[in-house]
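Enquirer: Okay, so here is structure_24.txt, and as you'll see once you scroll down, it has compact mmCIF, C-alpha atoms.
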```txt
# COMPACT_ATOMS: atom_id res chain seq x y z
CA MET A 221 23.27 -18.42 -17.99
CA ALA A 222 20.79 -18.48 -20.84
CA GLN A 223 17.97 -18.48 -18.31
CA SER A 224 19.29 -15.49 -16.41
CA LEU A 225 19.73 -13.54 -19.65
CA GLN A 226 16.17 -14.37 -20.59
CA ALA A 227 14.93 -13.25 -17.18
CA GLN A 228 16.81 -10.00 -17.63
CA THR A 229 15.28 -9.44 -21.05
CA SER A 230 11.74 -10.13 -19.91
CA ASP A 231 12.24 -7.67 -17.07
CA THR A 232 13.07 -4.81 -19.39
CA GLN A 233 10.46 -5.49 -22.03
CA PRO A 234 8.02 -2.60 -22.37
CA ILE A 235 4.45 -3.10 -21.18
CA ALA A 236 1.93 -1.49 -23.54
CA GLY A 237 0.36 1.72 -22.23
CA THR A 238 2.67 1.74 -19.22
CA THR A 239 5.61 3.96 -18.29
CA ILE A 240 8.00 2.45 -15.77
CA PHE A 241 8.92 5.16 -13.29
CA ASP A 242 12.62 4.38 -13.17
CA GLY A 243 15.63 6.53 -12.40
CA GLU A 244 15.56 8.17 -15.81
CA GLN A 245 11.89 9.16 -15.52
CA ALA A 246 12.33 10.23 -11.88
CA ALA A 247 15.24 12.50 -12.83
CA LYS A 248 13.34 13.95 -15.78
CA GLY A 249 10.21 14.57 -13.72
CA TYR A 250 11.83 15.77 -10.52
CA ALA A 251 10.66 19.42 -10.69
CA LEU A 252 7.09 18.47 -11.61
CA ASN A 253 6.84 15.80 -8.92
CA ARG A 254 8.41 18.13 -6.37
CA MET A 255 5.76 20.75 -7.12
CA CYS A 256 3.01 18.14 -6.78
CA TYR A 257 4.47 16.92 -3.49
CA SER A 258 4.11 20.48 -2.17
CA PHE A 259 0.34 20.14 -2.60
CA ASN A 260 0.12 18.16 0.63
CA ASN A 261 -0.13 21.65 2.10
CA ALA A 262 -3.44 23.52 1.67
CA ALA A 263 -1.76 26.95 1.45
CA ASN A 264 0.37 25.66 -1.44
CA ARG A 265 -2.71 24.36 -3.23
CA GLN A 266 -4.27 27.81 -2.91
CA ALA A 267 -1.09 29.49 -4.12
CA PHE A 268 -1.14 27.28 -7.23
CA LEU A 269 -4.77 28.14 -7.94
CA ALA A 270 -4.14 31.84 -7.35
CA ASP A 271 -1.27 32.06 -9.85
CA GLU A 272 -0.54 28.84 -11.65
CA ALA A 273 2.22 30.16 -13.91
CA ALA A 274 4.10 31.75 -11.02
CA TYR A 275 3.79 28.58 -8.96
CA CYS A 276 5.14 26.42 -11.81
CA ALA A 277 8.01 28.89 -12.28
CA LYS A 278 8.83 28.77 -8.58
CA PHE A 279 9.44 25.02 -8.91
CA SER A 280 11.40 25.48 -12.18
CA LEU A 281 9.17 23.25 -14.27
CA THR A 282 10.45 22.60 -17.80
CA SER A 283 8.44 24.09 -20.66
CA GLU A 284 7.15 20.58 -21.49
CA GLN A 285 5.96 20.15 -17.90
CA ARG A 286 4.41 23.65 -17.75
CA ASP A 287 2.57 23.00 -20.98
CA ALA A 288 1.27 19.60 -19.82
CA VAL A 289 0.05 21.14 -16.55
CA LYS A 290 -1.58 24.03 -18.36
CA ARG A 291 -3.45 21.63 -20.64
CA ARG A 292 -4.32 19.29 -17.72
CA ASP A 293 -2.93 16.52 -19.93
CA VAL A 294 -2.00 13.62 -17.66
CA LEU A 295 -0.38 11.48 -20.39
CA ALA A 296 1.83 14.45 -21.28
CA MET A 297 2.69 14.93 -17.59
CA ILE A 298 3.74 11.27 -17.38
CA ALA A 299 5.80 11.64 -20.57
CA ALA A 300 7.48 14.62 -18.88
CA GLY A 301 8.45 12.42 -15.91
CA GLY A 302 5.42 12.81 -13.68
CA ASN A 303 4.55 10.01 -11.28
CA ILE A 304 0.85 9.29 -10.85
CA TYR A 305 0.95 9.39 -7.03
CA TYR A 306 2.19 12.99 -7.08
CA LEU A 307 0.13 13.92 -10.15
CA ALA A 308 -3.03 12.75 -8.33
CA LYS A 309 -2.50 15.57 -5.82
CA LEU A 310 -2.45 18.09 -8.69
CA ALA A 311 -5.46 16.42 -10.32
CA GLY A 312 -7.36 16.82 -7.05
CA ILE A 313 -6.79 20.58 -7.05
CA VAL A 314 -8.29 20.95 -10.50
CA GLY A 315 -11.26 18.77 -9.56
CA LEU A 316 -10.26 15.45 -11.15
CA ASP A 317 -10.27 12.16 -9.23
CA VAL A 318 -8.41 9.01 -10.32
CA GLN A 319 -11.41 7.84 -12.32
CA ASP A 320 -11.55 11.12 -14.26
CA VAL A 321 -7.81 10.74 -14.81
CA GLY A 322 -8.30 7.15 -15.98
CA ALA A 323 -11.01 8.20 -18.43
CA GLN A 324 -8.86 11.03 -19.76
CA GLN A 325 -5.82 8.81 -20.33
CA THR A 326 -7.77 6.06 -22.05
CA GLY A 327 -9.80 8.47 -24.20
CA MET A 328 -13.04 7.14 -22.75
CA SER A 329 -16.01 8.93 -21.26
CA LEU A 330 -16.14 8.73 -17.46
CA ALA A 331 -19.27 6.55 -17.71
CA ASP A 332 -17.54 4.14 -20.12
CA PHE A 333 -14.42 3.98 -17.95
CA LYS A 334 -16.51 3.16 -14.87
CA ALA A 335 -18.49 0.58 -16.82
CA LYS A 336 -15.24 -1.05 -17.93
CA LEU A 337 -14.17 -1.43 -14.28
CA ILE A 338 -17.50 -2.93 -13.27
CA LYS A 339 -17.27 -5.35 -16.20
CA ALA A 340 -13.82 -6.47 -15.01
CA GLY A 341 -15.50 -7.79 -11.87
CA GLN A 342 -18.08 -9.91 -13.70
CA MET B 208 7.63 -14.12 24.36
CA ALA B 209 5.62 -12.31 21.72
CA GLU B 210 3.09 -14.38 19.84
CA VAL B 211 2.03 -13.73 16.26
CA VAL B 212 -1.71 -14.37 16.26
CA GLY B 213 -2.47 -13.82 12.60
CA CYS B 214 -2.28 -11.79 9.46
CA ILE B 215 -4.78 -9.45 7.84
CA CYS B 216 -4.32 -8.26 4.27
CA THR B 217 -6.51 -5.55 2.79
CA SER B 218 -6.58 -3.06 -0.05
CA HIS B 219 -6.24 0.65 0.63
CA VAL B 220 -7.74 3.32 -1.61
CA PRO B 221 -8.01 7.03 -0.66
CA ALA B 222 -11.69 7.02 -1.72
CA ILE B 223 -12.42 4.65 1.21
CA GLY B 224 -11.57 7.58 3.51
CA GLY B 225 -14.13 9.73 1.71
CA ALA B 226 -16.75 6.98 1.98
CA ILE B 227 -16.13 6.60 5.74
CA ALA B 228 -16.33 10.37 6.25
CA LYS B 229 -19.63 10.52 4.37
CA GLY B 230 -21.06 7.41 6.08
CA LEU B 231 -21.51 5.54 2.79
CA GLN B 232 -20.74 2.07 4.18
CA GLN B 233 -24.19 0.76 3.23
CA ASP B 234 -24.42 2.62 -0.07
CA PRO B 235 -24.86 0.03 -2.87
CA TYR B 236 -21.49 0.93 -4.42
CA TRP B 237 -19.60 0.52 -1.14
CA LYS B 238 -21.57 -2.17 0.66
CA PRO B 239 -19.84 -5.21 -0.94
CA PHE B 240 -16.51 -3.77 0.23
CA PHE B 241 -17.40 -2.68 3.78
CA ASP B 242 -19.47 -5.81 4.45
CA GLY B 243 -16.26 -7.81 4.24
CA PHE B 244 -14.94 -6.41 7.51
CA PRO B 245 -17.27 -7.43 10.40
CA PRO B 246 -15.88 -11.03 10.62
CA VAL B 247 -12.35 -9.61 10.86
CA ARG B 248 -13.43 -7.15 13.56
CA ASP B 249 -15.09 -9.98 15.49
CA TRP B 250 -11.87 -11.98 15.34
CA LEU B 251 -9.86 -8.95 16.54
CA SER B 252 -12.22 -8.36 19.46
CA LYS B 253 -11.84 -12.01 20.43
CA VAL B 254 -8.06 -12.26 20.01
CA LYS B 255 -7.26 -8.73 21.25
CA PRO B 256 -3.79 -8.17 19.79
CA ASP B 257 -1.55 -5.68 21.61
CA VAL B 258 0.51 -4.60 18.63
CA ALA B 259 -0.12 -4.28 14.89
CA VAL B 260 2.89 -4.50 12.59
CA VAL B 261 1.81 -2.84 9.35
CA PHE B 262 3.47 -3.35 5.95
CA TYR B 263 2.34 -0.51 3.69
CA ASN B 264 3.60 1.84 0.99
CA ASP B 265 3.82 5.61 1.27
CA HIS B 266 2.30 7.56 -1.64
CA GLY B 267 4.13 10.83 -1.14
CA LEU B 268 3.17 11.97 2.35
CA ASN B 269 6.27 11.15 4.38
CA PHE B 270 8.77 10.28 1.67
CA PHE B 271 9.66 12.16 -1.49
CA LEU B 272 12.06 11.29 -4.30
CA ASN B 273 14.84 13.34 -2.67
CA ASN B 274 15.36 10.55 -0.15
CA LEU B 275 13.37 7.41 -0.78
CA PRO B 276 14.20 4.33 1.27
CA THR B 277 13.49 0.85 -0.07
CA PHE B 278 12.48 -0.30 3.42
CA ALA B 279 11.72 1.98 6.38
CA VAL B 280 10.71 1.05 9.92
CA GLY B 281 9.05 3.51 12.27
CA ALA B 282 10.56 3.94 15.73
CA ALA B 283 8.37 6.71 17.12
CA ASN B 284 6.00 7.09 20.05
CA GLU B 285 3.26 8.10 17.68
CA TYR B 286 2.59 8.33 13.97
CA ARG B 287 0.48 11.11 12.51
CA ASN B 288 -1.74 11.00 9.45
CA GLU B 289 -1.85 14.38 7.71
CA ASP B 290 -3.25 16.17 4.67
CA GLU B 291 -2.30 14.08 1.62
CA GLY B 292 -3.52 16.65 -0.86
CA TRP B 293 -6.44 14.68 -2.26
CA GLY B 294 -9.13 15.89 0.09
CA ILE B 295 -9.68 12.99 2.48
CA PRO B 296 -9.95 13.83 6.18
CA SER B 297 -6.91 13.19 8.34
CA LEU B 298 -7.33 10.31 10.80
CA GLY B 299 -5.19 11.73 13.59
CA THR B 300 -2.43 9.87 15.40
CA PHE B 301 -1.62 6.21 16.02
CA PRO B 302 0.42 5.02 19.01
CA GLY B 303 3.86 3.51 18.47
CA ASP B 304 5.87 1.06 20.54
CA THR B 305 9.46 2.27 20.37
CA ASP B 306 10.92 -0.62 22.35
CA PHE B 307 9.34 -3.13 19.99
CA SER B 308 10.34 -1.07 16.93
CA TRP B 309 14.01 -0.96 17.97
CA HIS B 310 13.94 -4.68 18.61
CA VAL B 311 12.55 -5.26 15.10
CA ILE B 312 15.19 -2.94 13.60
CA GLN B 313 18.04 -4.61 15.51
CA SER B 314 16.83 -8.05 14.54
CA LEU B 315 16.44 -7.05 10.86
CA VAL B 316 19.96 -5.63 10.71
CA ASN B 317 21.31 -8.78 12.37
CA ASP B 318 19.42 -10.64 9.65
CA SER B 319 21.15 -8.66 6.84
CA PHE B 320 18.33 -6.20 6.15
CA ASP B 321 19.20 -2.50 6.33
CA PRO B 322 16.04 -0.41 6.77
CA ALA B 323 15.81 3.34 7.21
CA MET B 324 15.05 4.07 10.89
CA CYS B 325 12.41 6.73 11.40
CA GLN B 326 11.89 8.51 14.72
CA GLU B 327 9.47 10.80 12.95
CA MET B 328 7.18 9.37 10.33
CA LEU B 329 3.91 10.55 8.87
CA VAL B 330 1.67 7.67 7.85
CA ASP B 331 -0.61 8.00 4.84
CA HIS B 332 -3.94 6.39 3.92
CA ALA B 333 -2.24 3.05 3.24
CA PHE B 334 -1.59 2.81 6.97
CA SER B 335 -4.44 4.82 8.49
CA LEU B 336 -7.42 3.53 6.45
CA PRO B 337 -6.86 -0.19 7.10
CA LEU B 338 -6.60 0.53 10.84
CA LYS B 339 -9.78 2.60 10.64
CA LEU B 340 -11.51 -0.24 8.75
CA LEU B 341 -10.42 -2.78 11.37
CA TRP B 342 -11.22 -0.62 14.42
CA PRO B 343 -13.98 1.70 13.13
CA ASN B 344 -15.16 2.81 16.54
CA VAL B 345 -11.95 4.50 17.61
CA ALA B 346 -12.77 8.20 17.38
CA SER B 347 -10.17 10.90 16.88
CA GLY B 348 -8.49 11.48 20.25
CA ASP B 349 -9.46 8.05 21.63
CA THR B 350 -6.84 5.57 22.75
CA TRP B 351 -6.21 2.92 20.11
CA PRO B 352 -6.55 -0.68 21.28
CA VAL B 353 -3.24 -1.54 19.56
CA LYS B 354 0.19 0.00 19.37
CA THR B 355 1.75 0.02 15.94
CA VAL B 356 5.01 -0.65 14.13
CA PRO B 357 4.88 0.76 10.57
CA ILE B 358 7.09 -0.88 7.94
CA CYS B 359 7.11 1.00 4.65
CA ILE B 360 8.16 -0.64 1.37
CA ASN B 361 8.94 1.47 -1.70
CA THR B 362 6.51 0.89 -4.55
CA VAL B 363 6.82 4.41 -6.00
CA GLN B 364 10.11 4.40 -7.85
CA HIS B 365 11.98 1.64 -9.64
CA PRO B 366 14.03 -0.31 -8.87
CA MET B 367 11.56 -1.69 -6.31
CA PRO B 368 12.34 -4.63 -4.05
CA SER B 369 11.22 -7.87 -5.68
CA ALA B 370 8.43 -10.10 -4.42
CA LYS B 371 11.13 -12.53 -3.29
CA ARG B 372 12.98 -9.83 -1.36
CA CYS B 373 9.74 -8.67 0.28
CA TYR B 374 8.94 -12.25 1.24
CA GLU B 375 12.38 -12.54 2.85
CA LEU B 376 11.85 -9.23 4.65
CA GLY B 377 8.53 -10.49 5.99
CA ALA B 378 10.14 -13.73 7.14
CA ALA B 379 12.87 -11.72 8.90
CA VAL B 380 10.22 -9.57 10.58
CA GLY B 381 8.50 -12.78 11.69
CA ARG B 382 11.74 -13.96 13.32
CA ALA B 383 12.04 -10.54 15.03
CA LEU B 384 8.51 -10.76 16.40
CA GLU B 385 8.96 -14.26 17.76
CA SER B 386 12.20 -13.32 19.52
CA TYR B 387 10.73 -10.33 21.38
CA ARG B 388 10.98 -10.91 25.10
CA LYS B 389 7.67 -9.34 26.14
CA ASP B 390 4.44 -11.33 26.25
CA LEU B 391 2.52 -9.52 23.57
CA LYS B 392 0.05 -10.63 20.95
CA VAL B 393 0.95 -9.32 17.51
CA VAL B 394 -1.19 -9.06 14.40
CA VAL B 395 0.60 -8.49 11.10
CA ILE B 396 -1.18 -6.34 8.54
CA GLY B 397 -0.35 -5.96 4.84
CA THR B 398 -2.09 -3.23 2.85
CA GLY B 399 -2.32 -2.53 -0.87
CA GLY B 400 -3.40 -4.04 -4.17
CA LEU B 401 -4.96 -5.96 -5.50
CA SER B 402 -4.82 -5.44 -9.28
CA HIS B 403 -5.08 -1.83 -10.42
CA GLN B 404 -3.38 0.68 -12.64
CA LEU B 405 -3.91 4.43 -12.36
CA ASP B 406 -1.50 5.70 -14.99
CA GLY B 407 -1.12 5.57 -18.74
CA ARG B 408 -3.28 4.29 -21.55
CA ARG B 409 -3.53 1.01 -19.63
CA ALA B 410 -5.33 2.78 -16.72
CA GLY B 411 -8.23 0.73 -15.39
CA PHE B 412 -6.42 -2.58 -15.84
CA ILE B 413 -7.81 -5.30 -13.54
CA ASN B 414 -6.91 -9.01 -13.42
CA LYS B 415 -9.45 -10.93 -11.38
CA GLU B 416 -8.04 -14.36 -12.24
CA PHE B 417 -4.54 -13.44 -11.06
CA ASP B 418 -5.83 -11.75 -7.88
CA LEU B 419 -7.86 -14.80 -6.89
CA MET B 420 -4.89 -17.08 -7.60
CA CYS B 421 -2.71 -14.90 -5.34
CA MET B 422 -5.30 -14.92 -2.53
CA GLU B 423 -5.38 -18.70 -2.72
CA LYS B 424 -1.59 -19.13 -2.86
CA LEU B 425 -1.08 -16.77 0.09
CA VAL B 426 -2.81 -19.24 2.38
CA ASN B 427 -0.69 -22.36 1.94
CA ASP B 428 1.96 -21.66 -0.68
CA PRO B 429 2.98 -17.98 -0.46
CA GLN B 430 6.47 -18.70 -1.75
CA ALA B 431 4.91 -19.53 -5.12
CA LEU B 432 4.36 -15.78 -5.57
CA THR B 433 8.06 -14.97 -5.17
CA ARG B 434 8.81 -16.21 -8.68
CA TYR B 435 7.43 -13.07 -10.31
CA SER B 436 9.77 -10.22 -11.19
CA THR B 437 8.54 -6.68 -10.55
CA ASN B 438 7.91 -6.15 -14.26
CA GLU B 439 5.99 -9.39 -14.49
CA LEU B 440 3.86 -8.26 -11.55
CA ILE B 441 3.18 -4.94 -13.28
CA GLU B 442 2.11 -6.79 -16.39
CA LEU B 443 -0.13 -9.15 -14.39
CA THR B 444 -1.59 -6.78 -11.76
CA GLY B 445 -0.98 -3.23 -13.03
CA THR B 446 1.53 -0.55 -12.04
CA GLN B 447 -0.04 -0.12 -8.60
CA GLY B 448 -1.12 -3.75 -8.27
CA VAL B 449 2.53 -4.36 -7.46
CA GLU B 450 1.51 -3.39 -3.90
CA LEU B 451 0.77 -7.10 -3.66
CA VAL B 452 4.27 -7.31 -2.16
CA MET B 453 2.82 -5.91 1.13
CA TRP B 454 0.55 -8.97 1.33
CA ILE B 455 3.47 -11.25 0.53
CA ALA B 456 5.65 -9.66 3.25
CA ALA B 457 2.86 -9.79 5.84
CA ARG B 458 2.11 -13.44 5.09
CA ALA B 459 5.80 -14.35 5.25
CA ALA B 460 5.93 -13.07 8.84
CA LEU B 461 3.84 -16.13 9.81
CA PRO B 462 6.34 -18.94 9.49
CA GLY B 463 4.22 -22.02 9.94
CA ARG B 464 0.82 -23.19 8.88
CA VAL B 465 -2.16 -20.88 8.92
CA ASN B 466 -5.93 -21.22 8.89
CA LYS B 467 -7.85 -19.05 6.49
CA LEU B 468 -10.70 -17.63 8.55
CA HIS B 469 -12.21 -15.13 6.13
CA SER B 470 -11.79 -13.50 2.75
CA ASN B 471 -13.59 -11.00 0.56
CA TYR B 472 -12.98 -9.79 -2.99
CA HIS B 473 -14.84 -7.05 -4.81
CA ILE B 474 -14.39 -5.11 -8.05
CA PRO B 475 -14.30 -2.14 -8.27
CA ILE B 476 -13.50 0.31 -5.52
CA SER B 477 -12.56 3.37 -7.53
CA ASN B 478 -10.04 1.87 -10.02
CA THR B 479 -9.06 -1.01 -7.76
CA ALA B 480 -9.88 -4.68 -7.22
CA ALA B 481 -10.33 -4.77 -3.43
CA GLY B 482 -9.30 -7.85 -1.47
CA LEU B 483 -9.42 -8.85 2.18
CA LEU B 484 -7.86 -11.90 3.78
CA LEU B 485 -7.71 -13.03 7.41
CA LEU B 486 -5.28 -15.80 8.33
CA GLU B 487 -4.92 -17.20 11.81
CA ASN B 488 -1.51 -18.46 12.85
CA GLN B 489 -1.48 -22.11 13.84
CA PRO B 490 0.57 -22.78 16.94
CA LYS B 491 3.69 -24.83 16.35
CA ALA B 492 3.55 -28.48 17.36
CA HIS B 493 5.66 -28.00 20.50
CA GLU B 494 3.35 -25.22 21.67
CA LEU B 495 0.17 -27.27 21.40
CA PRO B 496 -1.36 -28.44 24.65
CA ARG B 497 -0.43 -32.06 25.38
CA ARG B 498 -3.37 -34.34 24.96
CA PHE B 499 -1.92 -37.48 26.47
CA GLY B 500 0.56 -36.05 28.92
```
Could you write out this file's structure as structure tokens?

Expert:
Amino acid sequence: MAQSLQAQTSDTQPIAGTTIFDGEQAAKGYALNRMCYSFNNAANRQAFLADEAAYCAKFSLTSEQRDAVKRRDVLAMIAAGGNIYYLAKLAGIVGLDVQDVGAQQTGMSLADFKAKLIKAGQ
Amino acid sequence: MAEVVGCICTSHVPAIGGAIAKGLQQDPYWKPFFDGFPPVRDWLSKVKPDVAVVFYNDHGLNFFLNNLPTFAVGAANEYRNEDEGWGIPSLGTFPGDTDFSWHVIQSLVNDSFDPAMCQEMLVDHAFSLPLKLLWPNVASGDTWPVKTVPICINTVQHPMPSAKRCYELGAAVGRALESYRKDLKVVVIGTGGLSHQLDGRRAGFINKEFDLMCMEKLVNDPQALTRYSTNELIELTGTQGVELVMWIAARAALPGRVNKLHSNYHIPISNTAAGLLLLENQPKAHELPRRFG
């Protein structure tokens, strides 16, 4: 009994710098992630670039989500319920790859972020 | 009866698709990754499997959060790779084997697993890139040398199936493969991992020590990896490193002893620690040729 309670506790302990994309986050981020999912289609990517505000409105993004998208702020998008797999499609449209996104979230320069990864292999 | 010939586990990263399209295989950044594959290709050309059963995770090509299965098995004549939104070229279509797929599904349900059954299923880079890495000379429109059975495991949204549950799924798939009546050679492929994290202030997290321990345990003691909860895996391998469960499921489909024929490990490919492992299935004792008969 004590062991199973402990296992339960350790499974819900927060991990620093990490947002668990659970039901609560998925519900909160649904509109944002749904918009990003639409970017699998090239015409939708162009429509977003042509009129970003209108495209966000079409998917009923919350003001928090619209603001995070406008500022290209990935941490804010995650706080607003965004999931990185869908957000990566949006990042691609605005010319950011996952390494740019990693650098942005960690507050590092792209060169420093890449150097950190190379160092992890040594 | 079908024979499981071996298991291949490899990482999948969208950037690999870009590198293939640009012909960067011998570029200094990519060489340590691509140079891992020729021994696996040689083994495949020697063994010539008929079917590849592929454990992978969809990243938002076929499945969205409106309807997200924990486990999904393809039962289509072909599986298409399409635009995933991040600018890598589509790799066309991959042949299915519907008879085999329905056998796997029936056997899984008999075995108390309840997968989604997909007669239409787009397959993303986690499926298409490993196949392209293993059979690089198949051009778009060519006939693939293997038919495929895709098995998708949710690693997008929590709650995700645990390492233990994925091991049990893999073992159940192994029983399904061995009970198939046709004489086919089957290779089991697991794609994903190893350690990486794309999101949050912890982005760029890599854990070489844990990855290498997992690659070692997968050979002779894969059940040792089933002790980790999903959250423990996230802590140890990163939010996307949890894709390790694809390797665990693929390995579990080989019930007996295996020989490790080849492995490769390189950091980094994009934000990811890239691993590759080739295990050959050892025939069971009763299937070995009699030496003194």

Enquirer: Interatomic distance between CA of Asp242 in chain A and CA of Pro366 in chain B?

Expert: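 Spanning CA of Asp242 in chain A to CA of Pro366 in chain B is a straight-line distance of 6.5 Å.
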
Enquirer: Need the shell around range 243-256 of chain A: protein/DNA/RNA residues with any atom at most 7 Å away, counting all atoms listed in the file. Skip same-chain ones fewer than 2 positions apart. Format as a list of chain:residue names?

Expert: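 Returned residues: A:Phe241, A:Ser258, A:Phe259, A:Phe279, A:Ser280, A:Leu281, A:Gln285, A:Ala300, A:Gly301, A:Gly302, A:Asn303, A:Tyr306, A:Leu307, A:Lys309, A:Leu310, B:His365.
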
Enquirer: Keeping only C-alpha atoms, take the residues you just selected and write them out as a compact mmCIF listing (two decimals), keeping the file's coordinate frame.

Expert:
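File produced: selection.txt:
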```txt
# COMPACT_ATOMS: atom_id res chain seq x y z
CA PHE A 241 8.92 5.16 -13.29
CA SER A 258 4.11 20.48 -2.17
CA PHE A 259 0.34 20.14 -2.60
CA PHE A 279 9.44 25.02 -8.91
CA SER A 280 11.40 25.48 -12.18
CA LEU A 281 9.17 23.25 -14.27
CA GLN A 285 5.96 20.15 -17.90
CA ALA A 300 7.48 14.62 -18.88
CA GLY A 301 8.45 12.42 -15.91
CA GLY A 302 5.42 12.81 -13.68
CA ASN A 303 4.55 10.01 -11.28
CA TYR A 306 2.19 12.99 -7.08
CA LEU A 307 0.13 13.92 -10.15
CA LYS A 309 -2.50 15.57 -5.82
CA LEU A 310 -2.45 18.09 -8.69
CA HIS B 365 11.98 1.64 -9.64
```

Enquirer: Any idea which chain A residues end up within 8 Å of chain B if we count all atoms listed in the file, as a PyMOL selection string please?

Expert: chain A and resi 230-232+235-243+246+250+254+257+259-262+295+298+304-306+308-309+312-313+318-319+321-322+325-326+333+336-338+340-341

Enquirer: Would you compute the distance between CA of Gln233 in chain B and CA of Pro245 in chain B? Give it in Å to one decimal.

Expert: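 One can read the CA of Gln233 in chain B to CA of Pro245 in chain B distance as 12.9 Å.
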
Enquirer: What gap, in Å, lies between CA of Asn288 in chain B and CA of Met324 in chain B?

Expert: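 Computing the Euclidean distance for CA of Asn288 in chain B and CA of Met324 in chain B yields 18.2 Å.
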
Enquirer: Restricting the calculation to only C-alpha atoms: of B:Ser386, B:Thr300, B:Thr350, B:Thr355, which residue gets closest to Ser314 in chain B?

Expert: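 Selected residue with least distance to Ser314 in chain B: B:Ser386.
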
Enquirer: Is it possible to get the residues within 10 Å of (-14.6, 10.2, 4.7) (coordinates as in the file, counting only C-alpha atoms) written as a PDB file with C-alpha atoms, in the frame of the given file?

Expert:
```pdb
ATOM      1  CA  PRO B 221      -8.010   7.030  -0.660  1.00  0.00           C
ATOM      2  CA  ALA B 222     -11.690   7.020  -1.720  1.00  0.00           C
ATOM      3  CA  ILE B 223     -12.420   4.650   1.210  1.00  0.00           C
ATOM      4  CA  GLY B 224     -11.570   7.580   3.510  1.00  0.00           C
ATOM      5  CA  GLY B 225     -14.130   9.730   1.710  1.00  0.00           C
ATOM      6  CA  ALA B 226     -16.750   6.980   1.980  1.00  0.00           C
ATOM      7  CA  ILE B 227     -16.130   6.600   5.740  1.00  0.00           C
ATOM      8  CA  ALA B 228     -16.330  10.370   6.250  1.00  0.00           C
ATOM      9  CA  LYS B 229     -19.630  10.520   4.370  1.00  0.00           C
ATOM     10  CA  GLY B 230     -21.060   7.410   6.080  1.00  0.00           C
ATOM     11  CA  LEU B 231     -21.510   5.540   2.790  1.00  0.00           C
ATOM     12  CA  GLY B 294      -9.130  15.890   0.090  1.00  0.00           C
ATOM     13  CA  ILE B 295      -9.680  12.990   2.480  1.00  0.00           C
ATOM     14  CA  PRO B 296      -9.950  13.830   6.180  1.00  0.00           C
ATOM     15  CA  SER B 297      -6.910  13.190   8.340  1.00  0.00           C
ATOM     16  CA  LEU B 298      -7.330  10.310  10.800  1.00  0.00           C
ATOM     17  CA  LEU B 336      -7.420   3.530   6.450  1.00  0.00           C
TER      18      LEU B 336
END
```

Enquirer: Box along x, y and z, 8 Å on every side, all listed atoms of range 212-219 of chain B inside: centre and edge lengths in Å to one decimal, as JSON.

Expert:
```
{"center_x": -4.1, "center_y": -6.9, "center_z": 8.1, "size_x": 20.9, "size_y": 31.0, "size_z": 32.3}
```
